[in-house]
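A.B. asks: Just passing along the structure, written as structure tokens.
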4 protein chains.
Amino acid sequence: MADFDLVIREGRVGTAAESFVCDVGVRGGRIAALGHELGKGEHEINARGRLVLPGGIDGHCHLAQPLPDGSEMADGFDTGTLSAACGGTTTVVPFAFQNRGQSIRAAVNDYHALANGRAYVDYAFHLIVTDPTPSALGQELPALIADGYTSFKIYMTYDALKLNDRQILDVLWLARRERAMTMVHCENHDVIAWFTERLETLGRSAPKYHAVSRPSVGEGEATQRAVSYAELLEVPILVVHVSSREAADEIRRAQSRGLRIFAETCPQYLFLTASDLDLPGRDGARCICSPPPRDKSHHAAIWTGLANGTFAVFSSDHSPFSMTAPRGKLIHGADAPFWKIPNGIPGLETRLPLLLSEGVLKGRISLEQFVALTATNCARIYGIPRKGSIAIGADADIVVWNTDREVRIGNDMLHHAADYTPYEGMVVSAWPDVVLSRGEVMVEGGKPLVGPGRGQFLRCDRPEPARPMDLGTGPAMH
Amino acid sequence: MADFDLVIREGRVGTAAESFVCDVGVRGGRIAALGHELGKGEHEINARGRLVLPGGIDGHCHLAQPLPDGSEMADGFDTGTLSAACGGTTTVVPFAFQNRGQSIRAAVNDYHALANGRAYVDYAFHLIVTDPTPSALGQELPALIADGYTSFKIYMTYDALKLNDRQILDVLWLARRERAMTMVHCENHDVIAWFTERLETLGRSAPKYHAVSRPSVGEGEATQRAVSYAELLEVPILVVHVSSREAADEIRRAQSRGLRIFAETCPQYLFLTASDLDLPGRDGARCICSPPPRDKSHHAAIWTGLANGTFAVFSSDHSPFSMTAPRGKLIHGADAPFWKIPNGIPGLETRLPLLLSEGVLKGRISLEQFVALTATNCARIYGIPRKGSIAIGADADIVVWNTDREVRIGNDMLHHAADYTPYEGMVVSAWPDVVLSRGEVMVEGGKPLVGPGRGQFLRCDRPEPARPMDLGTGPAMH
Amino acid sequence: MADFDLVIREGRVGTAAESFVCDVGVRGGRIAALGHELGKGEHEINARGRLVLPGGIDGHCHLAQPLPDGSEMADGFDTGTLSAACGGTTTVVPFAFQNRGQSIRAAVNDYHALANGRAYVDYAFHLIVTDPTPSALGQELPALIADGYTSFKIYMTYDALKLNDRQILDVLWLARRERAMTMVHCENHDVIAWFTERLETLGRSAPKYHAVSRPSVGEGEATQRAVSYAELLEVPILVVHVSSREAADEIRRAQSRGLRIFAETCPQYLFLTASDLDLPGRDGARCICSPPPRDKSHHAAIWTGLANGTFAVFSSDHSPFSMTAPRGKLIHGADAPFWKIPNGIPGLETRLPLLLSEGVLKGRISLEQFVALTATNCARIYGIPRKGSIAIGADADIVVWNTDREVRIGNDMLHHAADYTPYEGMVVSAWPDVVLSRGEVMVEGGKPLVGPGRGQFLRCDRPEPARPMDLGTGPAMH
Amino acid sequence: MADFDLVIREGRVGTAAESFVCDVGVRGGRIAALGHELGKGEHEINARGRLVLPGGIDGHCHLAQPLPDGSEMADGFDTGTLSAACGGTTTVVPFAFQNRGQSIRAAVNDYHALANGRAYVDYAFHLIVTDPTPSALGQELPALIADGYTSFKIYMTYDALKLNDRQILDVLWLARRERAMTMVHCENHDVIAWFTERLETLGRSAPKYHAVSRPSVGEGEATQRAVSYAELLEVPILVVHVSSREAADEIRRAQSRGLRIFAETCPQYLFLTASDLDLPGRDGARCICSPPPRDKSHHAAIWTGLANGTFAVFSSDHSPFSMTAPRGKLIHGADAPFWKIPNGIPGLETRLPLLLSEGVLKGRISLEQFVALTATNCARIYGIPRKGSIAIGADADIVVWNTDREVRIGNDMLHHAADYTPYEGMVVSAWPDVVLSRGEVMVEGGKPLVGPGRGQFLRCDRPEPARPMDLGTGPAMH
């Protein structure tokens with residue numbers, strides 16, 4: 001009789017703290033043992049010479065999310081999570097989106113219906129709060145947090161999504177009381193609206209003007225504003241998808257004075273530039289996302305922030321729209337102005353290969369930082385149970401990586417349903433060989449071995465770091 | 001026959017550049033000559049051993065301004081400008097206030113009616129823009145600017161006054177096009193509203209909570225936001241009445257990276273603290289103003305900013321309400337909560353003695369900085385013609401200062417109509433001996449010699465420094 | 001037959017990445033397995049409800065180090081490492097000190113003689129380079145680095161120790177070429193000498209003037225200087241025993257712009273103040289160390305730096321001199337001026353309890369940060385093999401911590417040979433229950449179970465992070 | 001009988017505070033009156049439509065200075081001051097250089113001998129202190145300061161000139177006690193020596209490597225160090241010839257926290273780049289000066305510093321060596337390595353036209369800033385009596401500027417004795433029409449009208465701003 005259901009032999013196991021060569025023993029879907037010369041496994045994988053890392057967590061991706069303008073995401077939970085798995089990501093945290101006027105609980109129920117039976121990998125939900133009514137703040141959210149939905153995203157821009165600043169304060173105050181984590185999309189709404197209107201007046205509607213309409217100074221401004229609110233209410237926040245030097249600088253400045261401000265960035269802010277929006281016809285629409293890709297000097301700032309710890313999380317912000325789908329990128333016509341083009345790019349499958357290859361293998365960040373950025377920190381900050389590390393008792397979500405061959409990225413090799421990848425033609429030196437979820441081999445040699453529906457919903461704990469910052473500033477208020 | 005109408009003999013004449021001993025010859029109300037042993041004057045003043053400085057300009061004071069809540073300022077143009085004159089201020093720039101729905105031109109006309117025949121000293125008007133409609137921006141303001149109303153103030157807080165951020169961008173864009181100067185009251189409205197509501201809920205309504213409701217972090221936030229908008233549209237602004245280290249730091253940071261951001265501070269941010277609001281009964285109401293007085297560490301930051309050039313202007317923000325008047329500080333009752341107490345303190349008469357005494361005589365700033373901060377810079381930044389310096393051709397608005405005697409400030413010696421001064425009991429070592437306006441002796445030995453109505457309205461030029469900042473950042477937009 | 005030599009059951013195992021409850025199996029002195037329900041151990045420890053952490057590494061301590069002025073450290077390798085063990089530290093890295101004129105190899109040999117047969121715990125050596133002759137730089141150091149002495153400390157102050165700046169550049173250039181790690185004692189020598197001379201002239205020689213003679217501005221200056229040299233030569237350094245806000249700020253600034261600057265701090269900069277030097281008689285001599293203890297505002301800055309990642313290492317800088325020993329603190333007489341009092345305080349045994357108690361248990365840092373700061377980072381930065389984590393293959397240097405009882409620190413309970421502890425009377429809530437070195441129980445219930453001589457010398461690897469910083473700045477030079 | 005010796009009619013008179021159109025009346029070599037329609041002058045100049053500015057003060061120029069390596073400056077007091085006058089500079093402050101071992105008084109006497117009877121314009125002396133012996137500090141310097149030599153320059157680099165840091169502290173302490181002004185050449189000596197040696201080893205000796213050998217990080221480092229010493233001793237300093245972003249940033253940082261740190265920059269840091277050293281043969285030697293010219297990004301930082309007040313003084317650092325003179329740039333041979341090429345460029349005559357044209361006329365700085373930077377501030381900071389402004393009682397050192405014609409700079413039009421100008425071919429839009437010294441027309445239409453020897457020596461006052469900075473930091477020391 002075997003000692004383990006599965007043993008992964010002699011790979012280099014990496015955690016956020018270190019790496020070492022050992023066997024990994026899996027039992028009942030969990031990591032049961034780490035050791036040398038572990039007993040037999042029913043199934044065994046020889047990982048000698050390869051990296052054995054925790055499966056990635058994508059803490060920021062959009063799947064099957066209903067959109068106010070009628071456009072439709074290319075990926076539901078099926079193709080989205082399959083794509084995730086094939087790229088080495090074994091947990092996703094997409095968003096249950098509250099339409100204004102809707103109860104958040106109803107949004108969660110709707111979203112469960114979309115996920116149920118379709119996911120390949122495990123998933124938790126962030127809540128998108130667009131309508132923080134007294135009952136939402138007073139009853140629904142506390143109950144939802146208690147039920148395992150412990151993080152929510154709020155927007156400082158988009159007409160259909162944004163909260164005003166008073167509402168932001170209300171939400172942060174709730175987050176403080178309930179020890180939840182608030183993710184903030186920091187771009188200055190009025191700046192975008194003003195610039196867009198002006199560009200429209202000037203007849204400048206091509207995709208490249210999308211980047212002009214969302215200047216980095218506006219991102220820095222909104223970041224500073226969100227930081228100020230977090231400082232005033234002494235509550236941590238996480239600034240999502242940071243794209244610019246200005247925003248990174250504000251975050252660093254806040255951390256330097258001791259505030260608990262977390263930050264996330266994404267591949268598009270390392271590998272795409274504003275000039276990727278400047279293509280013939282509407283081809284530039286492919287890389288329209290928000291914040292927009294910037295330029296090389298911003299890339300350098302983002303790499304620095306990854307290396308020096310400014311960023312805690314590296315996510316995809318996967319938000320896939322096909323160019324050719326009727327309700328895709330060009331839903332509003334082949335000549336649609338940039339402000340009518342759905343925002344977002346696909347990226348679930350390419351996130352980890354890009355960062356492992358360009359970050360770790362090129363010496364910009366360490367292997368430990370990679371693990372922390374793509375898995376461990378995300379689990380901690382959002383309270384995702386049993387995920388994010390190769391540790392005893394953790395779910396056996398594990399990826400065996402091949403870092404010895406070159407892979408030229410092409411959309412035909414990817415598993416999402418979008419009809420393009422913005423990284424077409426890039427060559428990376430890392431790709432998952434074997435991907436395990438709860439001990440089950442999901443992908444081997446690039447080939448999916450399982451079907452949809454095996455992914456399970458994850459109730460999250462209150463995030464550990466969400467305790468209030470004690471700055472001693474506000475006795476009168478607290 | 002005399003060579004001059006007036007000669008001031010052998011005083012130490014100070015400008016923003018230097019000081020030197022000479023005679024000042026006045027003819028036709030203007031400074032006609034500076035020199036040694038000038039010819040005879042019909043009238044002569046012996047200023048030997050005394051300072052001869054340009055009359056102060058108070059670039060920020062409120063006189064006879066109608067208030068949405070029915071409260072009434074203690075000073076109209078008569079007592080207000082008399083008080084100014086007696087304190088060494090010979091030009092005031094109060095505010096023509098646009099009620100929402102009202103045309104700005106109408107507000108200007110109304111305000112002229114209030115000033116006409118009442119002022120002791122010359123005056124220009126800033127406009128307060130509360131309703132930047134297309135016609136206000138497109139027609140009225142350009143015409144008013146051309147007519148000599150070249151600066152306007154906008155508010156980021158107060159329900160009855162605030163612009164939203166989109167409107168702020170509109171106003172700044174106009175200011176850029178028309179080369180006008182925009183003054184911004186930078187406090188975060190939502191923060192104040194949120195804290196006030198919470199304090200109300202907690203039953204904390206005493207005057208001291210006024211300071212709690214307007215935290216310095218909120219002032220810093222709003223300052224940074226206004227700076228970002230100025231940076232985006234490449235247009236100078238002036239941040240008024242800076243009270244805190246956070247706001248001063250944001251301004252300095254902006255200046256350090258080359259932005260043309262001007263800033264103003266006031267005596268209350270050097271000499272009053274939040275604890276002045278914490279008095280028995282409603283006595284704390286006397287020092288309620290916005291931003292509120294802070295504490296000693298903020299005072300130090302403000303002094304540093306005066307000494308190192310962060311601040312360009314030192315004004316009073318005179319906004320007088322009597323404690324005992326029926327429509328004064330306690331219009332809403334002896335137990336009115338802090339949010340129903342009119343904001344503002346009197347300060348026109350004490351501004352210059354306080355800064356000359358505590359700043360120059362104590363070695364914190366130079367005499368030249370005093371002149372620049374209290375007169376010259378103000379004239380330049382707002383385009384006030386012929387004012388702000390002892391220079392050939394300038395109006396003979398001149399103060400001969402006594403810096404050899406101690407004066408204990410008391411409300412009984414002041415000429416405003418407010419029934420208190422927040423500086424009661426402070427001892428200063430400087431007080432005006434002689435105050436001249438356009439060559440006429442208005443005050444001598446503390447005694448007014450003229451009557452109301454001699455003050456004239458001043459049409460302002462477009463401010464010199466209002467040219468756009470050329471940062472080369474925005475070809476697509478401009 | 002047992003599966004393991006030792007099994008530690010069901011403790012909460014902590015690494016720099018996470019913590020989880022599991023068994024730890026030890027075989028042949030190494031950690032052989034982590035898992036649930038591991039097989040039997042010949043010896044077993046029940047750790048349920050207790051923390052199981054890697055044994056501390058003290059990367060900065062002085063033992064039996066010969067001193068130029070004839071004074072004598074209280075601890076040799078015997079009492080020093082016993083004290084370390086009893087405080088939960090299982091690896092020490094003291095210093096092999098090169099006297100000027102001496103070959104470094106000879107210094108290493110001498111130091112081995114002092115350590116050999118005396119140490120309780122394992123040890124590596126840093127080299128102290130005081131005489132970087134061409135042969136030292138060209139032959140000796142490369143050979144020593146290859147032999148496992150991969151880090152060295154240099155001094156910017158002390159007449160007998162300091163390098164001049166040219167020599168510092170030479171040493172950093174060598175460190176870059178050989179991928180070694182340079183530790184820098186950053187205090188400005190000329191400032192100290194100048195202030196000391198002046199204090200002597202003024203007759204101010206009491207211990208409290210020690211702190212006056214070493215102002216924090218001088219520490220900040222030297223830190224910035226060392227950082228500049230590291231930046232120019234694109235090589236990492238580690239700034240040791242940072243005591244002040246100024247120095248911490250310089251380090252943070254360097255890290256913020258992407259430089260690989262590591263930093264260390266010590267308990268004395270969190271728990272002692274300059275006023276601890278201001279005691280009757282010469283009692284203040286007890287807390288004389290360099291840099292000196294500062295004040296509460298500096299403590300706050302150091303805590304912030306621990307929490308936000310500015311500091312990588314937390315060490316003791318143990319440097320023990322007895323007050324009553326003839327060659328101890330008062331070797332130069334009961335009235336010796338501060339500049340003749342040997343610098344240093346004991347701290348090996350109290351380091352970990354203080355930080356675990358005040359840092360982790362009071363919520364200022366996380367448990368993972370504690371492990372990283374006290375063990376894991378040190379092993380990485382100095383290349384100490386098999387130490388610093390509870391990981392498969394690592395040496396079984398493990399501490400089982402009790403965090404449930406209060407311990408009042410007193411010198412009588414400590415195992416060093418110094419006759420005082422600066423922390424006398426402080427109460428901590430954490431103390432080691434069991435301390436293992438390579439699987440052997442060294443200490444149990446506060447009682448040492450082993451004798452001297454079992455500690456082994458550790459040859460270090462070239463530190464992983466010592467690769468040159470690629471800033472692209474210097475093609476002409478490199 | 002005329003009222004004045006000279007009247008300049010109706011020019012636009014500029015001061016550091018403002019500009020206005022008036023007549024200037026001169027009597028006895030001094031400015032006796034400013035006014036409209038002044039009485040007759042024996043001599044009259046019609047300045048209508050032209051700028052009437054104070055003659056420039058060049059606070060940093062080297063004339064006839066003996067050099068340790070035997071090289072010889074192209075200009076003595078005759079050609080140097082003639083060149084100054086023709087470029088609109090009416091006061092120069094060159095350096096009396098102390099050879100080590102020499103008394104400073106002797107150096108002053110020697111230097112007077114060189115100046116006496118040769119100067120065209122008035123002059124004061126800075127002292128260069130290279131040997132701060134106890135008698136120099138205790139007797140000579142206090143006596144010299146009392147005699148009107150109130151500023152001295154010290155060097156942080158050059159073997160023959162540099163002080164060590166202890167000596168710098170001694171000199172600053174003296175400056176504090178005696179209220180003198182210390183100018184500091186801030187470059188890190190050891191960095192330069194180390195890089196130079198390494199370049200020599202690599203065989204890289206062409207002029208272009210001069211810039212490589214003096215990296216901007218080393219300038220920033222030395223600046224920060226000097227600032228730290230000024231901060232510790234609470235005494236102002238002036239950092240000379242700032243060339244780089246790093247140094248400008250350090251200065252700004254110091255000013256921002258309230259320190260009285262003054263700074264100077266020069267034309268070569270706005271208009272020359274490191275690539276001007278990369279010319280065929282030894283032509284690059286022409287632009288060798290220290291600090292070296294940097295690149296465009298540094299230019300931008302310097303312009304920002306001029307505009308926002310970081311810099312107080314704009315000087316030439318005129319230090320002329322001819323390319324063809326036997327003891328000029330190539331004294332050590334046509335193939336001399338860069339480290340044997342005398343440092344310095346000529347610039348006395350071009351300084352003001354360059355800044356007026358590129359700075360004021362192109363809108364980067366105001367006319368008032370120009371006057372402050374080139375004349376007024378220099379007079380204040382160094383205590384130069386009666387110079388630096390158009391003010392009553394000031395010496396009538398006045399320049400009437402033509403800003404309406406284009407002038408192409410060529411060495412043949414300049415009056416220095418150097419055989420080249422680094423600005424050959426640059427076109428400026430401003431050139432002096434008339435230059436007056438103490439009321440005498442020295443230059444008219446570019447033509448000198450006077451001979452050598454009329455320039456007078458100026459005893460300086462203790463600089464006003466040299467009062468100690470009161471930071472309250474050091475009661476124990478002061």
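Chain identifiers are assigned as A, B, and so on, following the order in which chains appear in the structure tokens; residues are numbered from 1 within each chain, and ligands are numbered from 1 in order of appearance.
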Give me, as a PyMOL selection string, all polymer residues having an atom no more than 8 Å from Asn188 of chain B, counting only C-alpha atoms and skipping those fewer than 5 positions away in the same chain.

C.D. replies: chain B and resi 156-157+218-219+221-222

A.B. asks: Please, could you write that set of residues out with N, CA and C atoms as a JSON list (two decimals), in the first residue's frame?

C.D. replies:
[["chain", "number", "residue", "atom", "x", "y", "z"],
["B", 156, "MET", "N", -12.93, 73.85, -2.70],
["B", 156, "MET", "CA", -13.07, 72.40, -2.77],
["B", 156, "MET", "C", -13.96, 71.89, -1.65],
["B", 157, "THR", "N", -14.44, 72.80, -0.82],
["B", 157, "THR", "CA", -15.36, 72.36, 0.24],
["B", 157, "THR", "C", -16.41, 73.43, 0.48],
["B", 218, "GLY", "N", -6.56, 65.69, 5.34],
["B", 218, "GLY", "CA", -7.53, 66.09, 4.32],
["B", 218, "GLY", "C", -7.13, 67.35, 3.60],
["B", 219, "GLU", "N", -6.45, 68.23, 4.30],
["B", 219, "GLU", "CA", -5.96, 69.44, 3.63],
["B", 219, "GLU", "C", -4.82, 69.08, 2.69],
["B", 221, "GLU", "N", -4.40, 66.25, 1.21],
["B", 221, "GLU", "CA", -5.00, 65.53, 0.08],
["B", 221, "GLU", "C", -5.54, 66.52, -0.94],
["B", 222, "ALA", "N", -6.34, 67.45, -0.50],
["B", 222, "ALA", "CA", -6.94, 68.38, -1.45],
["B", 222, "ALA", "C", -5.87, 69.22, -2.14]]

A.B. asks: Counting only C-alpha atoms, which residues of chain A come no farther than 7 Å from chain B, as a PyMOL selection string?

C.D. replies: chain A and resi 165-166+190+194+217+221+225+228+232

A.B. asks: Can you pull out every residue within 10 Å of Gly29 of chain D, counting only C-alpha atoms, but drop anything in the same chain fewer than 2 positions away, and send it as a list in words?

C.D. replies: Asp5, Leu6, Gly25, Val26, Arg27, Ile31, Ala32, Gly393, Ala394, Asp395, Ala396, Asp397, Leu436, Ser437, Arg438, Gly439 and Glu440 of chain D

A.B. asks: For the residues in that selection, give me C-alpha atoms as a JSON list (two decimals), in the first residue's frame.

C.D. replies:
[["chain", "number", "residue", "atom", "x", "y", "z"],
["D", 5, "ASP", "CA", 26.97, 114.08, -13.03],
["D", 6, "LEU", "CA", 25.00, 111.68, -15.13],
["D", 25, "GLY", "CA", 20.62, 110.23, -11.43],
["D", 26, "VAL", "CA", 24.26, 109.69, -10.54],
["D", 27, "ARG", "CA", 26.35, 111.95, -8.40],
["D", 31, "ILE", "CA", 23.12, 106.48, -7.46],
["D", 32, "ALA", "CA", 21.72, 109.69, -6.05],
["D", 393, "GLY", "CA", 23.38, 105.21, -2.30],
["D", 394, "ALA", "CA", 24.62, 102.24, -4.27],
["D", 395, "ASP", "CA", 27.59, 102.59, -6.56],
["D", 396, "ALA", "CA", 26.49, 103.55, -10.02],
["D", 397, "ASP", "CA", 27.52, 100.22, -11.53],
["D", 436, "LEU", "CA", 29.10, 102.06, -16.10],
["D", 437, "SER", "CA", 31.30, 101.64, -13.09],
["D", 438, "ARG", "CA", 30.80, 104.13, -10.29],
["D", 439, "GLY", "CA", 29.13, 106.38, -12.82],
["D", 440, "GLU", "CA", 31.88, 106.26, -15.38]]

A.B. asks: What does the distance between atom CA of Phe95 of chain A and atom CA of Thr376 of chain A come to in Å, to one decimal place?

C.D. replies: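 Computing it gives 19.8 Å between the two atoms.
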
A.B. asks: Show which residues sit within 8 Å of Ala85 of chain A, as a list of chain:residue names. Count only C-alpha atoms, and ignore same-chain residues fewer than 6 positions away.

C.D. replies: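 So, after excluding close chain neighbours, the residues are A:Tyr120, A:Val121, A:Glu349, A:Val435, A:Met442, A:Val443.
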
A.B. asks: Provide the atom CA of Asp78 of chain A to atom CA of Pro452 of chain A distance in Å, to one decimal place.

C.D. replies: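 Going from atom CA of Asp78 of chain A over to atom CA of Pro452 of chain A covers 6.0 Å.
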
A.B. asks: Nearest residue to Met73 of chain A out of A:Ile331, A:Val399, A:Leu352, A:Ala143, using only C-alpha atoms?

C.D. replies: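 Residue with the minimum atom-to-atom distance to Met73 of chain A: A:Ile331.
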
A.B. asks: Could you pull the residues within 9 Å of Ser275 of chain A, counting only C-alpha atoms, minus those fewer than 5 positions along the same chain, as a PyMOL selection string?

C.D. replies: chain A and resi 208+284+293-295

A.B. asks: Kindly save the residues from that selection, with N, CA, C and O atoms included, as an mmCIF file, in the first residue's frame.

C.D. replies:
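For reference, again-v2.cif as written:
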data_model
loop_
_atom_site.group_PDB
_atom_site.id
_atom_site.type_symbol
_atom_site.label_atom_id
_atom_site.label_comp_id
_atom_site.auth_asym_id
_atom_site.auth_seq_id
_atom_site.Cartn_x
_atom_site.Cartn_y
_atom_site.Cartn_z
ATOM 1 N N LYS A 208 -5.365 54.996 -29.830
ATOM 2 C CA LYS A 208 -4.182 55.533 -29.151
ATOM 3 C C LYS A 208 -4.539 56.666 -28.188
ATOM 4 O O LYS A 208 -3.813 56.915 -27.228
ATOM 5 N N GLY A 284 -5.407 48.739 -32.556
ATOM 6 C CA GLY A 284 -4.965 49.250 -31.251
ATOM 7 C C GLY A 284 -5.961 48.926 -30.151
ATOM 8 O O GLY A 284 -5.611 48.944 -28.969
ATOM 9 N N PRO A 293 -1.443 50.887 -20.837
ATOM 10 C CA PRO A 293 0.008 50.699 -20.860
ATOM 11 C C PRO A 293 0.690 52.057 -20.982
ATOM 12 O O PRO A 293 0.156 52.974 -21.618
ATOM 13 N N ARG A 294 1.853 52.185 -20.353
ATOM 14 C CA ARG A 294 2.578 53.468 -20.358
ATOM 15 C C ARG A 294 3.802 53.350 -21.266
ATOM 16 O O ARG A 294 3.691 52.826 -22.355
ATOM 17 N N ASP A 295 4.947 53.774 -20.806
ATOM 18 C CA ASP A 295 6.144 53.657 -21.637
ATOM 19 C C ASP A 295 7.301 53.058 -20.835
ATOM 20 O O ASP A 295 7.142 52.678 -19.681
#

A.B. asks: Can you measure atom CA of Pro463 of chain A to atom CA of Ala375 of chain A for me? One decimal in Å is fine.

C.D. replies: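 Interatomic distance here is 14.6 Å.
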
A.B. asks: Run DSSP on the backbone and give me the residues of segment 204-296 of chain A it puts in helix (DSSP H, G or I), as a PyMOL selection string.

C.D. replies: chain A and resi 208-213+216-233+245-256+268-271+274-277+283-287+296

A.B. asks: Leaving out segment 237-252 of chain A and any residue of its chain fewer than 3 positions from it, which residues lie within 7 Å of it when counting only C-alpha atoms, given as a PyMOL selection string?

C.D. replies: chain A and resi 181-186+216-217+219-220+223-224+230+255-256+261-266+269+291+293-294+298+301-302+310

A.B. asks: Report as an MDAnalysis selection string all protein, DNA and RNA residues lying within 9 Å of Val108 of chain A, evaluated on only C-alpha atoms, omitting residues in the same chain fewer than 5 positions from it.

C.D. replies: chainID A and resid 95:98 103 113 125 127

A.B. asks: Could you turn the residues from that selection into a file that holds N, CA, C and O atoms, as a tab-separated table (two decimals), in the first residue's frame?

C.D. replies:
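Output file again01.tsv follows:
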chain	number	residue	atom	x	y	z
A	95	PHE	N	-14.68	38.42	-9.83
A	95	PHE	CA	-15.48	39.43	-9.12
A	95	PHE	C	-16.98	39.17	-9.25
A	95	PHE	O	-17.50	39.06	-10.35
A	96	ALA	N	-17.66	39.15	-8.12
A	96	ALA	CA	-19.12	39.19	-8.12
A	96	ALA	C	-19.52	40.65	-8.14
A	96	ALA	O	-19.25	41.39	-7.19
A	97	PHE	N	-20.17	41.03	-9.20
A	97	PHE	CA	-20.41	42.44	-9.50
A	97	PHE	C	-21.81	42.88	-9.11
A	97	PHE	O	-22.80	42.34	-9.60
A	98	GLN	N	-21.86	43.87	-8.24
A	98	GLN	CA	-23.16	44.43	-7.84
A	98	GLN	C	-23.59	45.49	-8.84
A	98	GLN	O	-22.90	46.50	-9.01
A	103	SER	N	-29.01	43.97	-4.71
A	103	SER	CA	-28.37	43.59	-3.45
A	103	SER	C	-27.08	42.85	-3.78
A	103	SER	O	-26.98	42.19	-4.82
A	113	ALA	N	-23.99	31.02	-9.72
A	113	ALA	CA	-24.66	30.27	-10.78
A	113	ALA	C	-23.79	30.20	-12.03
A	113	ALA	O	-23.77	29.18	-12.74
A	125	PHE	N	-14.40	34.62	-4.44
A	125	PHE	CA	-14.97	35.82	-5.06
A	125	PHE	C	-14.53	37.07	-4.30
A	125	PHE	O	-14.63	37.11	-3.07
A	127	LEU	N	-15.97	40.89	-4.04
A	127	LEU	CA	-17.21	41.62	-4.35
A	127	LEU	C	-16.86	42.95	-4.98
A	127	LEU	O	-15.91	43.60	-4.57

A.B. asks: Would you return as a VMD selection string the members of segment 79-269 of chain C that DSSP assigns to strand (DSSP E or B) on this structure's backbone?

C.D. replies: chain C and resid 89 to 92 95 to 97 122 to 123 126 to 128 151 to 155 162 181 to 185 237 to 239 261 to 265

A.B. asks: For C-alpha atoms, I'd like the residues from the last selection saved as a CSV table (one decimal), in the first residue's frame.

C.D. replies:
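Result file result08.csv:
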chain,number,residue,atom,x,y,z
C,89,THR,CA,20.3,31.5,18.8
C,90,THR,CA,21.9,28.5,17.2
C,91,THR,CA,24.4,30.1,14.9
C,92,VAL,CA,26.7,33.0,15.5
C,95,PHE,CA,34.5,38.6,13.6
C,96,ALA,CA,38.0,37.6,12.8
C,97,PHE,CA,39.8,40.8,13.4
C,122,ASP,CA,27.8,26.5,15.1
C,123,TYR,CA,29.7,29.5,13.9
C,126,HIS,CA,33.0,37.6,9.2
C,127,LEU,CA,36.4,39.2,8.5
C,128,ILE,CA,37.2,42.6,9.8
C,151,SER,CA,31.6,38.5,4.2
C,152,PHE,CA,33.7,41.2,5.7
C,153,LYS,CA,33.0,44.2,7.8
C,154,ILE,CA,34.7,47.6,7.4
C,155,TYR,CA,34.6,50.6,9.6
C,162,LYS,CA,38.7,52.8,10.0
C,181,MET,CA,29.2,40.8,1.1
C,182,THR,CA,30.5,44.0,2.7
C,183,MET,CA,29.1,45.1,6.0
C,184,VAL,CA,29.7,48.8,6.8
C,185,HIS,CA,29.8,50.5,10.1
C,237,ILE,CA,26.4,46.4,0.9
C,238,LEU,CA,24.8,45.8,4.3
C,239,VAL,CA,24.7,48.8,6.7
C,261,ILE,CA,21.2,48.1,0.0
C,262,PHE,CA,20.7,45.9,3.0
C,263,ALA,CA,20.4,47.1,6.5
C,264,GLU,CA,20.5,45.7,10.1
C,265,THR,CA,19.3,47.0,13.4
